[in-house]
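Here is the structure we will look at.
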Amino acid sequence: MDLKVKQVERVDGLKESFYLPAMFTGFRLTVKHFLKNLFGAQEVVTIQYPEEKRHVSPRWRGRHRLTRRDDGFLKCVACYMCETVCPAKCIHIEAGEHPDMSVEKYPVKFDIDELRCVFCGLCVEACPKQAIRMDTGVIGMAFSNRETFNFTRDLLRDEYQPHENTKYLDSDLPKPKEQQEALPNSKGLPAA
Amino acid sequence: MQILLEILSIPLVQSLLKIVVVILLFAMPLGTLMTLMERKWSAMIQDRVGPNRANAGNFTGNGLLHIAADGLKSIFKEDTMPEGSDRFLFLIAPFFGLIAGVATFAIIPFAAPIGDFKFQIADVEPGLLFIFAITSLSVYGAVLAGASSNSKYALLGGTRASAQMLSYEVFMGLALMGVFMVYGSTRVSDIVDGQNQYWFGSLIPQWGVFTQPLGFLLFTTALIAETKRAPFDAPEGESEIVAGYFLEYSGMRWSAFMLAEYVAVVGVASLITTLFFGGYHVPWLHLWTSAPEWLVRILQVLKFSLFVIFFCWFQIQLRWTVPKFRFDQTMALGWKKLLPLSLINTVATAVIILIFV
Amino acid sequence: METAPLEIQKHEAELQESVDHSSSVMAIEIGPSHPAMHGIVRFTTYVDGELIVDMIPEIGYLHRGFEKESENSKWIQVTPYTDRLNYVSPLLNNIGYAMAVEKLYGVEAPRRAEFTRVIMGEISRITDHMTCLGASAMEVGAFTFFLWFIKAREYLWELVEEVTGARLTTNWTRFGGNATDLPDGFLDALQDRLDKVKDVMDECDRLLTKNKIFIDRVKDIGAISKEDALSFGFTGPMLRACGIPYDIRRSDPYSVYEELDFEIPIGSTGDCFDRYLVRMEEIRQSISIIEQAADKMPVGPIQTLERRVHYPDKKDVYGNIEGLIDHFKMVMEGHRPPAGEAYLPVEGGNGEVGFFVVSDGSGDPVRVRLRPPCFNFVEAMPKMTIGHYIADIVPIFGSINMIGGELDR
């Protein structure tokens, strides 16, 4: 393929040797924007954040959550794959043996240090059970006091629900029937 | 009651009252409003919303409370002073600009006089020469701030400011020569009254902008350069010398610089209105012969204020439209282009007056 | 009074002898924390009045150890790190790294993946140029221009978010393909957004390009000759502004750029004005490339069929034990490219972004080296600035578009 070259045009005419014509053109443009926004904010693109939230893509990688099986128990089998692949090394899992043989292995502890997390999504890709997801659509990570900045989050006690935009809502992710009872605590065995 | 009227008729008391009214009801409120309006209007140009978060309860006034918030913040901020700075000069420097800015309003007439009572603080004979004297005072603010801060950036800003303001004062004076000649006086009230005449019967008012179009352009340019606003804000040069001469200031002293800038914006707008847009005279109002006197005065003040606000807006719009000059380009523009132009303007005006009038 | 460090005093004294003025040389520190220094970089500048007589750039304030950190990561774990190299065009870095590893593997991404890479890469190039132009224009005072460009950039970043799931930390490419395909209806949305960007471009062009004040600020400022540019190792828009039509998309074609038709804009004098115009024109060319690629977009997989390069299909992982074991081995041991080395340059926003990768056949890279384009530009800063005024540092430094993440790695 032959090289197509385009010499850029350096504006250098008579009109450009005066200050006023270009200033006038610019003035016309800015006044147009000014008037449009003065009467009705027609072109304003600002989003008034806390009151008004941006549309987030369904693929947005927000905060993590753990998904659950039909019977409400965690899908996670504590295989450590996400912990291994995590480039920020922010996932900490401890595996435990479940008395129920159909569950066998489950995470006794599943902590994510959200301050270390880089939201790359590799853990979601690595998970063989679709157990960890980043589809909560949570963007804000700002808090007003220091205590809540203790960002090591116990995913087992998770308050986050899938985002309204998520694509995987209905079919693969049934809500637990009795969520409270099925929730295991972070110390040990499931409450049930 | 009688005593009160007698006290009010003392000229000194009258002057003091006028000063208080003009400063507290016109210059300062408009100046502080401009600090907000700069942000709101620039936001509109740039498709943004601008500040609107400061609130008292649920009231935000669409950003109006930011004025109060800014004031409070700068009062409570620490007033820092760099090590090794010249303490006395550093402390007084911010107020030169503010004083000069406010003093401009001394000669601005707001409405036509009623009998002996003038709606003007001082209708002095030198008139505009007073303005030149006062604006040269504001140079000291920038220079002293720059020199006393013990900071290289501030020093550079101070030198730039002094060079720029001193040179633009020259063209400012020269640009006004035409106006002086056309209206035959340096007294402001004479110039304003001179603009109340009409060409072609009562068709076109003899405003300065029509009699002296080039003078108007030159004077506006020089005034904007004098107040160090964009596109002539090389002395502040926020991208290369950070903030220039007031870099080391904080708190209320920094606010004094800001306030001085915006009071100067209002001052520039008032001067342009007075000298080139008929001042307080409402065009074609003389056709309505039965107008009550009080209504005429109100209309005059309104017209004056409207034009002032328009030219404030114009300056802000200009700032957000054009890039800024480099320092040496500002000087080159002044000495190589504006100086010859203003000389030509002066000579041409003189010749025309000599031949035709 | 504070006293300058000894080395600066000494240098100042040396310079003083070389300057035959009655005035004195003053050292002024520009940066590391300074409004015009976009990344973090320090220029110890020696001025005679306002004239720059010498300048010493000092880099390394944003050094995060990308290369060393890569050696301690798995191959795939480097990809998120590449987002943060040139953080205004993260996708171009993603693509560069993925293609370098693909070269090591000896595989190629399928055509659909390549076309989507072209689209996303060009979107990134536009955002890169917009940030650079906007920031440098802002610093010469055209703030409105900057914010209009940022507005346009936002349109494009929303598209990036639709595809990759993040605006900046994209982490989108994988070896032998991409993490995600384009979503439904993306190409229509793309065209819509491109039209908006064109409108903004036109407005900004009218606002600034012919303005005498702006031309005065950038014309003949920071000019560098062809020979000097070559000897400094310039690439990208900076080199093209000097008049050398060197574009890796053409001179060393990668991906599917051979099938796409575009022009290489070149300047003549290599000053800031030429760089500005070249970048403006490149945005237009990129828009045309995206439109062509969208027209030619083939149907097909977005991941190569070579099983050793990427994770097995999710269907296999969830459905059968072989797939699960494959997946497990690949995640736990990492990707294992064959032993060897590869260098692959791509045309980044600033110039040649080259990744040099060395593998010993294990799951960890032995070496990942980045060739950052703006390293050479910063090196040439003294050459470009000496003899100009302090205020000229601003447009010159703006036009080289130094990105701290890329420069200091």
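Numbering starts fresh at 1 for the residues of each chain in the structure tokens, the chains themselves are lettered A, B, ... in the order given, and ligands are numbered from 1 as they appear.
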Test item: chain C residues at most 6 Å from chain A, counting only C-alpha atoms, as JSON, numbers by chain: {"C": [77, 162, 165, 166, 171, 207, 211, 212, 263, 264, 265, 266, 267]}
Could you produce a table of the residues of stretch 11-99 of chain C lying within 10 Å of stretch 230-253 of chain B, with the nearest pair of atoms per residue and their separation in Å rounded to one decimal, using only C-alpha atoms, ordered by chain and increasing residue number, as CSV?
```
residue,atom,partner,partner_atom,distance
C:Ile30,CA,B:Glu240,CA,8.3
C:His34,CA,B:Val242,CA,7.1
C:Pro35,CA,B:Ser239,CA,5.5
C:Ala36,CA,B:Ser239,CA,5.3
C:Met37,CA,B:Ser239,CA,9.0
```
At most 7 Å is the cut-off: for each residue in chain C with any atom that close to an atom of chain B, write down the nearest atom pair and the distance in Å rounded to one decimal, counting only C-alpha atoms, chain first then increasing number, as a Markdown table.
```
| residue | atom | partner | partner_atom | distance |
| --- | --- | --- | --- | --- |
| C:Met1 | CA | B:Gly84 | CA | 5.6 |
| C:Ile28 | CA | B:Lys152 | CA | 6.9 |
| C:Pro35 | CA | B:Ser239 | CA | 5.5 |
| C:Ala36 | CA | B:Ser239 | CA | 5.3 |
| C:Glu139 | CA | B:Ser239 | CA | 5.5 |
| C:Val140 | CA | B:Pro323 | CA | 5.7 |
| C:Gly141 | CA | B:Pro323 | CA | 4.1 |
| C:Ala142 | CA | B:Pro323 | CA | 4.4 |
| C:Phe143 | CA | B:Trp320 | CA | 6.5 |
| C:Thr144 | CA | B:Gln46 | CA | 5.6 |
| C:Leu147 | CA | B:Gln46 | CA | 6.1 |
| C:Trp148 | CA | B:Gln46 | CA | 6.4 |
| C:Ile213 | CA | B:Phe325 | CA | 6.2 |
| C:Phe214 | CA | B:Pro323 | CA | 6.0 |
| C:Arg217 | CA | B:Arg326 | CA | 6.7 |
| C:Ile390 | CA | B:Glu240 | CA | 6.9 |
| C:Ala391 | CA | B:Glu240 | CA | 5.6 |
| C:Val394 | CA | B:Glu240 | CA | 6.3 |
```
Taking 6 positions as the minimum chain separation for residues in the same chain, which residues sit within 12 Å of B:Met37 when counting only C-alpha atoms? Answer as a ChimeraX atom specification. /B:29-31,43-45,49-52,62-64,66-67,262,265,309,312-317
Output file for the residues above (N, CA and C atoms, as a short mmCIF file (atom, residue, chain, number, x, y, z; two decimals), in the first residue's frame):
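As a result, again-v4.cif now contains:
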```cif
data_model
loop_
_atom_site.label_atom_id
_atom_site.label_comp_id
_atom_site.auth_asym_id
_atom_site.auth_seq_id
_atom_site.Cartn_x
_atom_site.Cartn_y
_atom_site.Cartn_z
N PRO B 29 -21.26 45.55 45.60
CA PRO B 29 -22.18 44.46 45.27
C PRO B 29 -21.96 43.92 43.86
N LEU B 30 -21.79 44.84 42.89
CA LEU B 30 -21.57 44.35 41.52
C LEU B 30 -20.25 43.59 41.43
N GLY B 31 -19.23 44.11 42.10
CA GLY B 31 -17.93 43.45 42.07
C GLY B 31 -18.00 42.05 42.64
N ALA B 43 -19.34 28.96 32.86
CA ALA B 43 -19.91 27.62 32.81
C ALA B 43 -20.90 27.50 31.67
N MET B 44 -21.70 28.54 31.47
CA MET B 44 -22.69 28.46 30.39
C MET B 44 -22.01 28.41 29.03
N ILE B 45 -20.92 29.17 28.89
CA ILE B 45 -20.19 29.12 27.62
C ILE B 45 -19.67 27.72 27.38
N VAL B 49 -22.60 23.70 34.38
CA VAL B 49 -23.63 24.30 35.22
C VAL B 49 -23.04 25.40 36.09
N GLY B 50 -21.83 25.20 36.55
CA GLY B 50 -21.22 26.19 37.42
C GLY B 50 -21.55 25.91 38.86
N PRO B 51 -20.97 26.69 39.77
CA PRO B 51 -21.15 26.40 41.19
C PRO B 51 -22.61 26.54 41.61
N ASN B 52 -23.14 25.56 42.30
CA ASN B 52 -24.52 25.66 42.77
C ASN B 52 -24.71 24.85 44.05
N ASN B 62 -29.36 28.96 43.34
CA ASN B 62 -28.64 28.61 42.12
C ASN B 62 -27.20 29.13 42.15
N GLY B 63 -26.58 29.02 43.30
CA GLY B 63 -25.18 29.37 43.40
C GLY B 63 -24.91 30.71 44.07
N LEU B 64 -25.99 31.45 44.35
CA LEU B 64 -25.81 32.79 44.90
C LEU B 64 -25.09 32.76 46.24
N HIS B 66 -22.71 31.10 47.09
CA HIS B 66 -21.27 30.89 47.00
C HIS B 66 -20.51 32.17 47.33
N ILE B 67 -21.15 33.30 47.06
CA ILE B 67 -20.49 34.57 47.40
C ILE B 67 -20.23 34.61 48.90
N TYR B 262 -12.37 42.34 40.22
CA TYR B 262 -13.75 42.40 39.77
C TYR B 262 -14.35 43.79 39.93
N VAL B 265 -13.32 45.39 36.96
CA VAL B 265 -14.18 45.01 35.82
C VAL B 265 -15.39 45.92 35.77
N ILE B 309 -23.69 46.37 33.24
CA ILE B 309 -23.75 44.91 33.34
C ILE B 309 -23.41 44.28 32.00
N CYS B 312 -19.71 44.36 31.64
CA CYS B 312 -19.11 43.34 32.52
C CYS B 312 -19.19 41.98 31.84
N TRP B 313 -20.39 41.69 31.33
CA TRP B 313 -20.58 40.42 30.63
C TRP B 313 -19.63 40.31 29.45
N PHE B 314 -19.49 41.42 28.74
CA PHE B 314 -18.62 41.42 27.57
C PHE B 314 -17.19 41.05 27.96
N GLN B 315 -16.71 41.64 29.05
CA GLN B 315 -15.33 41.34 29.46
C GLN B 315 -15.17 39.88 29.84
N ILE B 316 -16.19 39.33 30.52
CA ILE B 316 -16.09 37.94 30.91
C ILE B 316 -16.17 37.03 29.70
N GLN B 317 -17.08 37.37 28.79
CA GLN B 317 -17.20 36.59 27.56
C GLN B 317 -15.89 36.62 26.79
#
```
Nearest to C:Val163 by atom-to-atom distance, counting only C-alpha atoms, from C:Met280, C:Met130, C:Leu187, C:Ala27: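 Using only C-alpha atoms, C:Val163 sits closest to C:Leu187.
In this structure, atom CA of C:Val101 sits 18.2 Å away from atom CA of C:Thr116.
Of the residues under consideration (B:Met28, B:Ala142, B:Met172, B:Leu318), B:Leu318 shows the shortest atom-to-atom contact distance to chain A when counting only C-alpha atoms.
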Residues of stretch 185-270 of chain B in alpha helix (DSSP H) according to DSSP, as an NGL selection string? :B and (188-194 or 208-211 or 213-226 or 251-270)
Store the residues picked out above, limited to C-alpha atoms, as a PDB file, in the first residue's frame.
```pdb
ATOM      1  CA  VAL B 188     -16.912  63.895  32.850  1.00  0.00           C
ATOM      2  CA  SER B 189     -20.262  65.644  33.099  1.00  0.00           C
ATOM      3  CA  ASP B 190     -19.416  67.718  30.027  1.00  0.00           C
ATOM      4  CA  ILE B 191     -18.517  64.629  28.042  1.00  0.00           C
ATOM      5  CA  VAL B 192     -21.715  62.886  29.101  1.00  0.00           C
ATOM      6  CA  ASP B 193     -23.820  65.885  28.210  1.00  0.00           C
ATOM      7  CA  GLY B 194     -22.014  66.195  24.899  1.00  0.00           C
ATOM      8  CA  GLY B 208     -18.591  58.399  21.815  1.00  0.00           C
ATOM      9  CA  VAL B 209     -18.654  55.035  20.114  1.00  0.00           C
ATOM     10  CA  PHE B 210     -19.967  56.728  16.946  1.00  0.00           C
ATOM     11  CA  THR B 211     -17.777  59.804  17.082  1.00  0.00           C
ATOM     12  CA  PRO B 213     -15.005  54.251  16.986  1.00  0.00           C
ATOM     13  CA  LEU B 214     -11.275  53.648  16.843  1.00  0.00           C
ATOM     14  CA  GLY B 215     -10.800  55.469  20.116  1.00  0.00           C
ATOM     15  CA  PHE B 216     -13.395  53.184  21.654  1.00  0.00           C
ATOM     16  CA  LEU B 217     -11.570  50.029  20.524  1.00  0.00           C
ATOM     17  CA  LEU B 218      -8.206  51.328  21.662  1.00  0.00           C
ATOM     18  CA  PHE B 219      -9.476  52.552  24.991  1.00  0.00           C
ATOM     19  CA  THR B 220     -11.288  49.292  25.729  1.00  0.00           C
ATOM     20  CA  THR B 221      -8.190  47.299  24.859  1.00  0.00           C
ATOM     21  CA  ALA B 222      -5.999  49.504  26.991  1.00  0.00           C
ATOM     22  CA  LEU B 223      -8.402  49.372  29.913  1.00  0.00           C
ATOM     23  CA  ILE B 224      -8.624  45.590  29.827  1.00  0.00           C
ATOM     24  CA  ALA B 225      -4.859  45.388  29.667  1.00  0.00           C
ATOM     25  CA  GLU B 226      -4.685  47.840  32.534  1.00  0.00           C
ATOM     26  CA  GLY B 251      -7.124  34.262  52.942  1.00  0.00           C
ATOM     27  CA  MET B 252      -8.604  37.724  52.940  1.00  0.00           C
ATOM     28  CA  ARG B 253      -5.567  39.365  51.378  1.00  0.00           C
ATOM     29  CA  TRP B 254      -5.857  37.091  48.393  1.00  0.00           C
ATOM     30  CA  SER B 255      -9.555  37.917  48.280  1.00  0.00           C
ATOM     31  CA  ALA B 256      -8.646  41.590  48.209  1.00  0.00           C
ATOM     32  CA  PHE B 257      -6.748  40.980  44.968  1.00  0.00           C
ATOM     33  CA  MET B 258      -9.669  39.082  43.520  1.00  0.00           C
ATOM     34  CA  LEU B 259     -12.161  41.695  44.634  1.00  0.00           C
ATOM     35  CA  ALA B 260      -9.965  44.438  43.206  1.00  0.00           C
ATOM     36  CA  GLU B 261      -9.978  42.642  39.885  1.00  0.00           C
ATOM     37  CA  TYR B 262     -13.752  42.396  39.766  1.00  0.00           C
ATOM     38  CA  VAL B 263     -14.330  45.914  41.054  1.00  0.00           C
ATOM     39  CA  ALA B 264     -12.006  46.972  38.260  1.00  0.00           C
ATOM     40  CA  VAL B 265     -14.177  45.008  35.821  1.00  0.00           C
ATOM     41  CA  VAL B 266     -17.195  47.010  36.968  1.00  0.00           C
ATOM     42  CA  GLY B 267     -15.106  50.177  36.834  1.00  0.00           C
ATOM     43  CA  VAL B 268     -14.037  49.487  33.268  1.00  0.00           C
ATOM     44  CA  ALA B 269     -17.635  48.843  32.288  1.00  0.00           C
ATOM     45  CA  SER B 270     -18.737  52.094  33.960  1.00  0.00           C
TER      46      SER B 270
END
```
Name the residues in contact with A:His64 at a cut-off of 7 Å, using only C-alpha atoms, excluding same-chain residues fewer than 4 positions from it; report them as a compact mmCIF listing (two decimals) with C-alpha atoms, in the first residue's frame.
```
# COMPACT_ATOMS: atom_id res chain seq x y z
CA ILE A 132 -18.16 -13.80 41.80
CA ARG A 133 -19.61 -10.97 39.83
CA MET A 134 -18.93 -7.28 39.45
CA THR A 136 -23.58 -4.31 41.16
```
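Here atom CA of C:Ile400 stands at a distance of 7.0 Å from atom CA of C:Cys374.
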Nearest residue to chain A from the set B:Gln2, B:Lys303, B:Val21, B:Lys40 (distances using only C-alpha atoms):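 The answer is B:Lys40, which sits nearest to chain A.
Between atom CA of C:Asp188 and atom CA of C:Gly349 lies a distance of 25.1 Å.
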DSSP-assigned strand (DSSP E) members of stretch 4-209 of chain C, reported as number ranges by chain: C: 25-30, 42-48, 51-58, 173-174, 177-178
